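Worksheet: one structure, shown below.
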Amino acid sequence: TAGDMYFSGGLIGNSALDFDATEKVTITENFDGIATTDEFTLECWVKGDTESAAETLVVRGSNWSTGTCQLYLNADGYLRLAIYYDDGGEEISYDTDTRDGKWHNYVGTFDGTDLKIYVDGKLVVSTPRVNGPNIPTQTNGAFLGARGTTTPIFTGQMGRASIWDTALTPAQIRTMMFQNFTDATTTNCLAWYQFDSGTGTDILDSSSNSFDGTYDGDWVGAGTFDSWLSTLKFNK
């Protein structure tokens with residue numbers, strides 16, 4: 001089915017992060033549960049500005065280092081999912097520019113065999129893993145909106161982000177798209193960032209793991225989004 005949906009505030013929560021290409025969330029946890037299972041899901045709700053530069057969304061690790069798992073937009077606005085090993089890495093790309101000033105749910109998964117990208121609940125690309133052993137452990141923490149201390153840094157708003165040590169199924173992804181943490185089935189969820197506080201530097205993890213982060217940027221509070229610019233179109 002297709003239709004328009006309108007939101008205010010932080011979509012799932014009460015507020016959202018407002019990145020301006022200089023800000024990021026720093027998380028000290030290394031999320032090495034991903035190395036144990038050799039599976040992961042990286043997920044976020046974002047409204048991206050029209051930019052001509054690459055932009056990081058959710059990343060375990062930093063700066064192309066060993067063990068990095070990254071969901072990001074390239075300079076053309078194509079959503080990409082990447083994994084980096086000791087001897088290289090691999091990457092898949094959804095070659096459609098989705099930075100249209102509207103809210104989108106982006107998901108990248110790896111189930112030990114296939115890398116997959118979902119946009120607004122729809123599987124848009126799936127490619128078998130070719131290179132590498134299991135996903136390595138790493139010591140660089142994780143970031144939202146940036147890949148460590150270097151570019152590419154995101155410009156736009158982020159309403160939610162989550163990190164899992166399993167590959168969510170299409171049904172799970174579609175079900176939890178509009179759920180908050182208390183309503184969702186969160187088995188294997190390592191961290192869920194709902195951005196409800198609306199102020200300050202603390203980014204709280206809703207899961208029992210308490211993998212909190214630190215934010216150095218601005219917020220957007222409930223009711224300040226222009227709903228006419230937040231249309232979300234779904235395709236089945």
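Naming works like this for the structure tokens: A, B, ... for the chains as they're shown, residue 1 at the start of each chain, ligands 1 onward in shown order.
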
Next on the checklist: With only C-alpha atoms as the counted atoms, please give the residues lying no more than 10 Å from Asp205 of chain A, apart from itself and same-chain residues fewer than 3 positions off, as a PyMOL selection string.
Outcome noted: chain A and resi 161-162+181+190-195+202+208-213

Could you take the residues named above and write them with N, CA, C and O atoms, as a PDB file, in the first residue's frame?
```
ATOM      1  N   ALA A 161      17.638   5.648  17.023  1.00  0.00           N
ATOM      2  CA  ALA A 161      18.671   4.759  16.508  1.00  0.00           C
ATOM      3  C   ALA A 161      18.723   3.523  17.391  1.00  0.00           C
ATOM      4  O   ALA A 161      18.486   3.609  18.604  1.00  0.00           O
ATOM      5  N   SER A 162      19.038   2.386  16.790  1.00  0.00           N
ATOM      6  CA  SER A 162      19.176   1.162  17.579  1.00  0.00           C
ATOM      7  C   SER A 162      20.242   0.262  16.964  1.00  0.00           C
ATOM      8  O   SER A 162      20.508   0.309  15.756  1.00  0.00           O
ATOM      9  N   PHE A 181      10.393   1.769  22.793  1.00  0.00           N
ATOM     10  CA  PHE A 181      11.105   0.621  23.358  1.00  0.00           C
ATOM     11  C   PHE A 181      10.197  -0.263  24.190  1.00  0.00           C
ATOM     12  O   PHE A 181      10.297  -1.488  24.138  1.00  0.00           O
ATOM     13  N   LEU A 190      20.978  -4.480  21.581  1.00  0.00           N
ATOM     14  CA  LEU A 190      22.090  -4.047  22.416  1.00  0.00           C
ATOM     15  C   LEU A 190      21.892  -2.629  22.937  1.00  0.00           C
ATOM     16  O   LEU A 190      22.304  -2.305  24.054  1.00  0.00           O
ATOM     17  N   ALA A 191      21.288  -1.770  22.117  1.00  0.00           N
ATOM     18  CA  ALA A 191      21.059  -0.380  22.532  1.00  0.00           C
ATOM     19  C   ALA A 191      19.930   0.214  21.710  1.00  0.00           C
ATOM     20  O   ALA A 191      19.807  -0.075  20.508  1.00  0.00           O
ATOM     21  N   TRP A 192      19.138   1.051  22.371  1.00  0.00           N
ATOM     22  CA  TRP A 192      17.991   1.712  21.726  1.00  0.00           C
ATOM     23  C   TRP A 192      17.991   3.158  22.202  1.00  0.00           C
ATOM     24  O   TRP A 192      17.814   3.434  23.391  1.00  0.00           O
ATOM     25  N   TYR A 193      18.219   4.075  21.284  1.00  0.00           N
ATOM     26  CA  TYR A 193      18.305   5.496  21.610  1.00  0.00           C
ATOM     27  C   TYR A 193      17.077   6.208  21.062  1.00  0.00           C
ATOM     28  O   TYR A 193      16.906   6.342  19.850  1.00  0.00           O
ATOM     29  N   GLN A 194      16.229   6.675  21.979  1.00  0.00           N
ATOM     30  CA  GLN A 194      14.946   7.254  21.606  1.00  0.00           C
ATOM     31  C   GLN A 194      14.940   8.782  21.697  1.00  0.00           C
ATOM     32  O   GLN A 194      13.989   9.410  21.249  1.00  0.00           O
ATOM     33  N   PHE A 195      15.973   9.365  22.279  1.00  0.00           N
ATOM     34  CA  PHE A 195      16.159  10.822  22.309  1.00  0.00           C
ATOM     35  C   PHE A 195      14.965  11.553  22.929  1.00  0.00           C
ATOM     36  O   PHE A 195      14.482  12.546  22.404  1.00  0.00           O
ATOM     37  N   ASP A 202      23.489  14.123  27.565  1.00  0.00           N
ATOM     38  CA  ASP A 202      23.355  12.694  27.825  1.00  0.00           C
ATOM     39  C   ASP A 202      22.367  12.057  26.850  1.00  0.00           C
ATOM     40  O   ASP A 202      21.217  12.508  26.729  1.00  0.00           O
ATOM     41  N   SER A 208      18.290  -2.367  29.003  1.00  0.00           N
ATOM     42  CA  SER A 208      18.868  -2.604  30.330  1.00  0.00           C
ATOM     43  C   SER A 208      20.388  -2.584  30.315  1.00  0.00           C
ATOM     44  O   SER A 208      21.020  -2.585  31.368  1.00  0.00           O
ATOM     45  N   ASN A 209      21.004  -2.539  29.127  1.00  0.00           N
ATOM     46  CA  ASN A 209      22.458  -2.499  29.039  1.00  0.00           C
ATOM     47  C   ASN A 209      23.037  -1.152  29.441  1.00  0.00           C
ATOM     48  O   ASN A 209      24.209  -1.060  29.822  1.00  0.00           O
ATOM     49  N   SER A 210      22.231  -0.094  29.322  1.00  0.00           N
ATOM     50  CA  SER A 210      22.666   1.264  29.692  1.00  0.00           C
ATOM     51  C   SER A 210      23.944   1.681  28.958  1.00  0.00           C
ATOM     52  O   SER A 210      24.858   2.243  29.559  1.00  0.00           O
ATOM     53  N   PHE A 211      23.970   1.420  27.657  1.00  0.00           N
ATOM     54  CA  PHE A 211      25.094   1.860  26.830  1.00  0.00           C
ATOM     55  C   PHE A 211      24.848   3.311  26.394  1.00  0.00           C
ATOM     56  O   PHE A 211      24.601   3.605  25.227  1.00  0.00           O
ATOM     57  N   ASP A 212      24.907   4.219  27.362  1.00  0.00           N
ATOM     58  CA  ASP A 212      24.584   5.619  27.109  1.00  0.00           C
ATOM     59  C   ASP A 212      25.672   6.298  26.282  1.00  0.00           C
ATOM     60  O   ASP A 212      26.820   5.843  26.220  1.00  0.00           O
ATOM     61  N   GLY A 213      25.302   7.407  25.652  1.00  0.00           N
ATOM     62  CA  GLY A 213      26.244   8.176  24.854  1.00  0.00           C
ATOM     63  C   GLY A 213      26.287   9.624  25.276  1.00  0.00           C
ATOM     64  O   GLY A 213      25.527  10.068  26.152  1.00  0.00           O
TER      65      GLY A 213
END
```

Spatial neighbours of Thr185 of chain A, 10 Å, only C-alpha atoms, chain gap at least 6 places, as a PDB file with N, CA and C atoms, in the first residue's frame:
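New file part-v9.pdb:
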```
ATOM      1  N   GLN A 172       9.951  -8.208  11.496  1.00  0.00           N
ATOM      2  CA  GLN A 172      10.365  -7.514  12.720  1.00  0.00           C
ATOM      3  C   GLN A 172      10.634  -6.033  12.449  1.00  0.00           C
ATOM      4  N   THR A 175       7.344  -4.185  11.964  1.00  0.00           N
ATOM      5  CA  THR A 175       6.576  -4.105  13.200  1.00  0.00           C
ATOM      6  C   THR A 175       7.123  -3.036  14.132  1.00  0.00           C
ATOM      7  N   MET A 176       8.444  -2.965  14.274  1.00  0.00           N
ATOM      8  CA  MET A 176       9.022  -2.067  15.267  1.00  0.00           C
ATOM      9  C   MET A 176       9.276  -0.660  14.740  1.00  0.00           C
ATOM     10  N   GLN A 179       7.224   1.683  16.841  1.00  0.00           N
ATOM     11  CA  GLN A 179       7.098   1.355  18.249  1.00  0.00           C
ATOM     12  C   GLN A 179       8.167   2.050  19.080  1.00  0.00           C
TER      13      GLN A 179
END
```

Report as a short mmCIF file (atom, residue, chain, number, x, y, z; two decimals) with N, CA, C and O atoms, in the first residue's frame all protein, DNA and RNA residues lying within 9 Å of Gln157 of chain A, evaluated on only C-alpha atoms, omitting residues in the same chain fewer than 5 positions from it.
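selection.cif written:
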```
data_model
loop_
_atom_site.label_atom_id
_atom_site.label_comp_id
_atom_site.auth_asym_id
_atom_site.auth_seq_id
_atom_site.Cartn_x
_atom_site.Cartn_y
_atom_site.Cartn_z
N GLY A 10 9.76 13.96 17.88
CA GLY A 10 10.78 12.99 17.56
C GLY A 10 10.26 11.70 16.98
O GLY A 10 10.89 10.66 17.16
N ALA A 16 14.18 15.05 19.04
CA ALA A 16 15.13 14.47 18.10
C ALA A 16 16.42 15.26 18.13
O ALA A 16 16.47 16.41 18.57
N LEU A 17 17.49 14.62 17.65
CA LEU A 17 18.78 15.28 17.54
C LEU A 17 18.82 16.08 16.24
O LEU A 17 18.30 15.64 15.22
N ASP A 18 19.46 17.24 16.30
CA ASP A 18 19.53 18.14 15.16
C ASP A 18 21.00 18.35 14.78
O ASP A 18 21.67 19.23 15.31
N PHE A 19 21.50 17.52 13.88
CA PHE A 19 22.91 17.56 13.48
C PHE A 19 23.15 18.65 12.43
O PHE A 19 22.34 18.82 11.52
N ASP A 20 24.29 19.34 12.55
CA ASP A 20 24.60 20.40 11.58
C ASP A 20 25.96 20.20 10.92
O ASP A 20 26.61 21.16 10.52
N TRP A 45 15.86 6.37 12.39
CA TRP A 45 14.90 7.27 11.75
C TRP A 45 15.63 8.59 11.51
O TRP A 45 16.14 9.20 12.46
N VAL A 46 15.67 9.05 10.28
CA VAL A 46 16.35 10.31 9.99
C VAL A 46 15.56 11.14 8.97
O VAL A 46 14.81 10.60 8.15
N LYS A 47 15.77 12.43 9.05
CA LYS A 47 15.31 13.35 8.01
C LYS A 47 16.53 14.11 7.53
O LYS A 47 17.02 15.02 8.20
N GLY A 48 17.06 13.70 6.39
CA GLY A 48 18.30 14.26 5.90
C GLY A 48 18.10 15.49 5.02
O GLY A 48 17.14 15.56 4.25
N ASP A 49 18.99 16.45 5.16
CA ASP A 49 19.01 17.59 4.26
C ASP A 49 19.61 17.17 2.93
O ASP A 49 20.28 16.15 2.81
N TRP A 103 11.14 12.30 6.44
CA TRP A 103 11.57 11.26 7.37
C TRP A 103 11.62 9.90 6.69
O TRP A 103 10.71 9.54 5.93
N TRP A 219 19.10 20.09 19.83
CA TRP A 219 17.91 19.25 19.84
C TRP A 219 16.77 19.93 19.10
O TRP A 219 16.73 21.16 18.99
N VAL A 220 15.82 19.12 18.67
CA VAL A 220 14.53 19.61 18.17
C VAL A 220 13.47 19.01 19.07
O VAL A 220 13.43 17.80 19.28
#
```

Which residues, written as a PDB file with C-alpha atoms, in the first residue's frame, have at least one atom at most 9 Å from segment 137-154 of chain A, with only C-alpha atoms counted and residues fewer than 6 positions away on the same chain left out?
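Resulting contents of selection-v6.pdb:
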```pdb
ATOM      1  CA  PHE A  19      22.908  17.563  13.483  1.00  0.00           C
ATOM      2  CA  ASP A  20      24.598  20.403  11.585  1.00  0.00           C
ATOM      3  CA  ALA A  21      27.647  18.576  10.134  1.00  0.00           C
ATOM      4  CA  THR A  22      29.789  19.353  13.194  1.00  0.00           C
ATOM      5  CA  GLU A  23      28.008  17.314  15.879  1.00  0.00           C
ATOM      6  CA  LYS A  24      27.921  13.667  16.908  1.00  0.00           C
ATOM      7  CA  VAL A  25      26.963  11.181  19.594  1.00  0.00           C
ATOM      8  CA  THR A  26      29.915   9.329  21.136  1.00  0.00           C
ATOM      9  CA  ILE A  27      29.307   5.914  22.730  1.00  0.00           C
ATOM     10  CA  THR A  28      32.145   4.174  24.567  1.00  0.00           C
ATOM     11  CA  GLU A  29      30.644   0.671  24.315  1.00  0.00           C
ATOM     12  CA  ASN A  30      32.311  -1.495  21.635  1.00  0.00           C
ATOM     13  CA  PHE A  31      29.231  -3.659  20.945  1.00  0.00           C
ATOM     14  CA  ASP A  32      31.307  -6.822  20.726  1.00  0.00           C
ATOM     15  CA  GLY A  33      28.174  -8.923  21.010  1.00  0.00           C
ATOM     16  CA  ILE A  34      28.139  -8.402  17.243  1.00  0.00           C
ATOM     17  CA  ALA A  35      31.506 -10.155  16.973  1.00  0.00           C
ATOM     18  CA  THR A  36      30.141 -13.063  19.037  1.00  0.00           C
ATOM     19  CA  GLY A  48      18.304  14.265   5.896  1.00  0.00           C
ATOM     20  CA  ASP A  49      19.007  17.587   4.265  1.00  0.00           C
ATOM     21  CA  ALA A  53      28.832  15.085   0.897  1.00  0.00           C
ATOM     22  CA  ALA A  54      28.907  11.619   2.446  1.00  0.00           C
ATOM     23  CA  GLU A  55      27.184  11.371   5.828  1.00  0.00           C
ATOM     24  CA  THR A  56      27.522   8.753   8.576  1.00  0.00           C
ATOM     25  CA  LEU A  57      24.355   7.635  10.373  1.00  0.00           C
ATOM     26  CA  VAL A  58      25.089   4.711  12.737  1.00  0.00           C
ATOM     27  CA  VAL A  59      28.525   3.143  13.120  1.00  0.00           C
ATOM     28  CA  ARG A  60      30.148   0.563  15.377  1.00  0.00           C
ATOM     29  CA  GLY A  61      33.844   1.467  15.323  1.00  0.00           C
ATOM     30  CA  SER A  62      35.413   4.455  13.606  1.00  0.00           C
ATOM     31  CA  ASN A  63      37.488   5.705  10.709  1.00  0.00           C
ATOM     32  CA  TRP A  64      37.395   2.543   8.567  1.00  0.00           C
ATOM     33  CA  SER A  65      39.126   0.573  11.336  1.00  0.00           C
ATOM     34  CA  THR A  66      38.985  -3.208  11.771  1.00  0.00           C
ATOM     35  CA  GLY A  67      35.627  -4.334  13.149  1.00  0.00           C
ATOM     36  CA  THR A  68      33.734  -1.276  11.910  1.00  0.00           C
ATOM     37  CA  GLN A  70      28.635   1.230   9.275  1.00  0.00           C
ATOM     38  CA  TYR A  72      25.857   5.732   5.949  1.00  0.00           C
ATOM     39  CA  LEU A  73      24.897   7.893   2.970  1.00  0.00           C
ATOM     40  CA  ASN A  74      27.453   8.539   0.250  1.00  0.00           C
ATOM     41  CA  ALA A 161      18.671   4.759  16.508  1.00  0.00           C
ATOM     42  CA  GLY A 213      26.244   8.176  24.854  1.00  0.00           C
TER      43      GLY A 213
END
```

Checklist entry - Just how far from atom CA of Asn134 of chain A is atom CA of Tyr84 of chain A, in Å to one decimal? => result 10.3 Å

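Residues of segment 34-127 of chain A that DSSP places in helix (DSSP H, G or I), based on the backbone of this structure, are Ile34, Ala35, Thr36 and Thr37 of chain A.
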
Residues as selected, all heavy atoms, written as a tab-separated table (two decimals), in the first residue's frame, can you do that?
```tsv
chain	number	residue	atom	x	y	z
A	34	ILE	N	28.22	-8.22	18.70
A	34	ILE	CA	28.14	-8.40	17.24
A	34	ILE	C	29.23	-9.35	16.76
A	34	ILE	O	29.00	-10.18	15.87
A	34	ILE	CB	28.23	-7.03	16.54
A	34	ILE	CG1	26.94	-6.24	16.79
A	34	ILE	CG2	28.53	-7.17	15.06
A	34	ILE	CD1	27.00	-4.80	16.30
A	35	ALA	N	30.42	-9.24	17.34
A	35	ALA	CA	31.51	-10.16	16.97
A	35	ALA	C	31.21	-11.58	17.43
A	35	ALA	O	31.62	-12.55	16.77
A	35	ALA	CB	32.83	-9.67	17.57
A	36	THR	N	30.48	-11.73	18.52
A	36	THR	CA	30.14	-13.06	19.04
A	36	THR	C	29.13	-13.77	18.14
A	36	THR	O	29.29	-14.95	17.81
A	36	THR	CB	29.58	-12.95	20.46
A	36	THR	OG1	30.56	-12.35	21.32
A	36	THR	CG2	29.20	-14.32	21.01
A	37	THR	N	28.10	-13.03	17.72
A	37	THR	CA	27.04	-13.65	16.91
A	37	THR	C	27.36	-13.63	15.42
A	37	THR	O	26.78	-14.40	14.65
A	37	THR	CB	25.71	-12.91	17.11
A	37	THR	OG1	25.86	-11.54	16.68
A	37	THR	CG2	25.29	-12.95	18.57
```

Checklist entry - Where does DSSP see strand (DSSP E or B) in segment 112-161 of chain A, if you list the residues as a VMD selection string? => result chain A and resid 114 to 119 122 to 128 142 to 144 147 150 155 to 161

Item to check | Non-local contacts of segment 108-123 of chain A (9 Å; only C-alpha atoms; under 3 positions in same chain excluded) as a ChimeraX atom specification | outcome: /A:37-43,70-71,79-82,91-94,98,104-105,126-130,134-135,166-171,173-175,177,232-236

Item to check | Using only C-alpha atoms: which of A:Ala184, A:Met158, A:Leu204, A:Cys189 has the shortest distance to Cys44 of chain A | outcome: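 Of the candidates, the smallest distance to Cys44 of chain A is held by A:Met158.
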
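Atom CA of Gly156 of chain A is positioned 22.6 Å from atom CA of Ser206 of chain A.
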
Next on the checklist: If I take atom CA of Thr199 of chain A and atom CA of Gly77 of chain A, how far is one from the other in Å, to one decimal?
Outcome noted: 29.0 Å
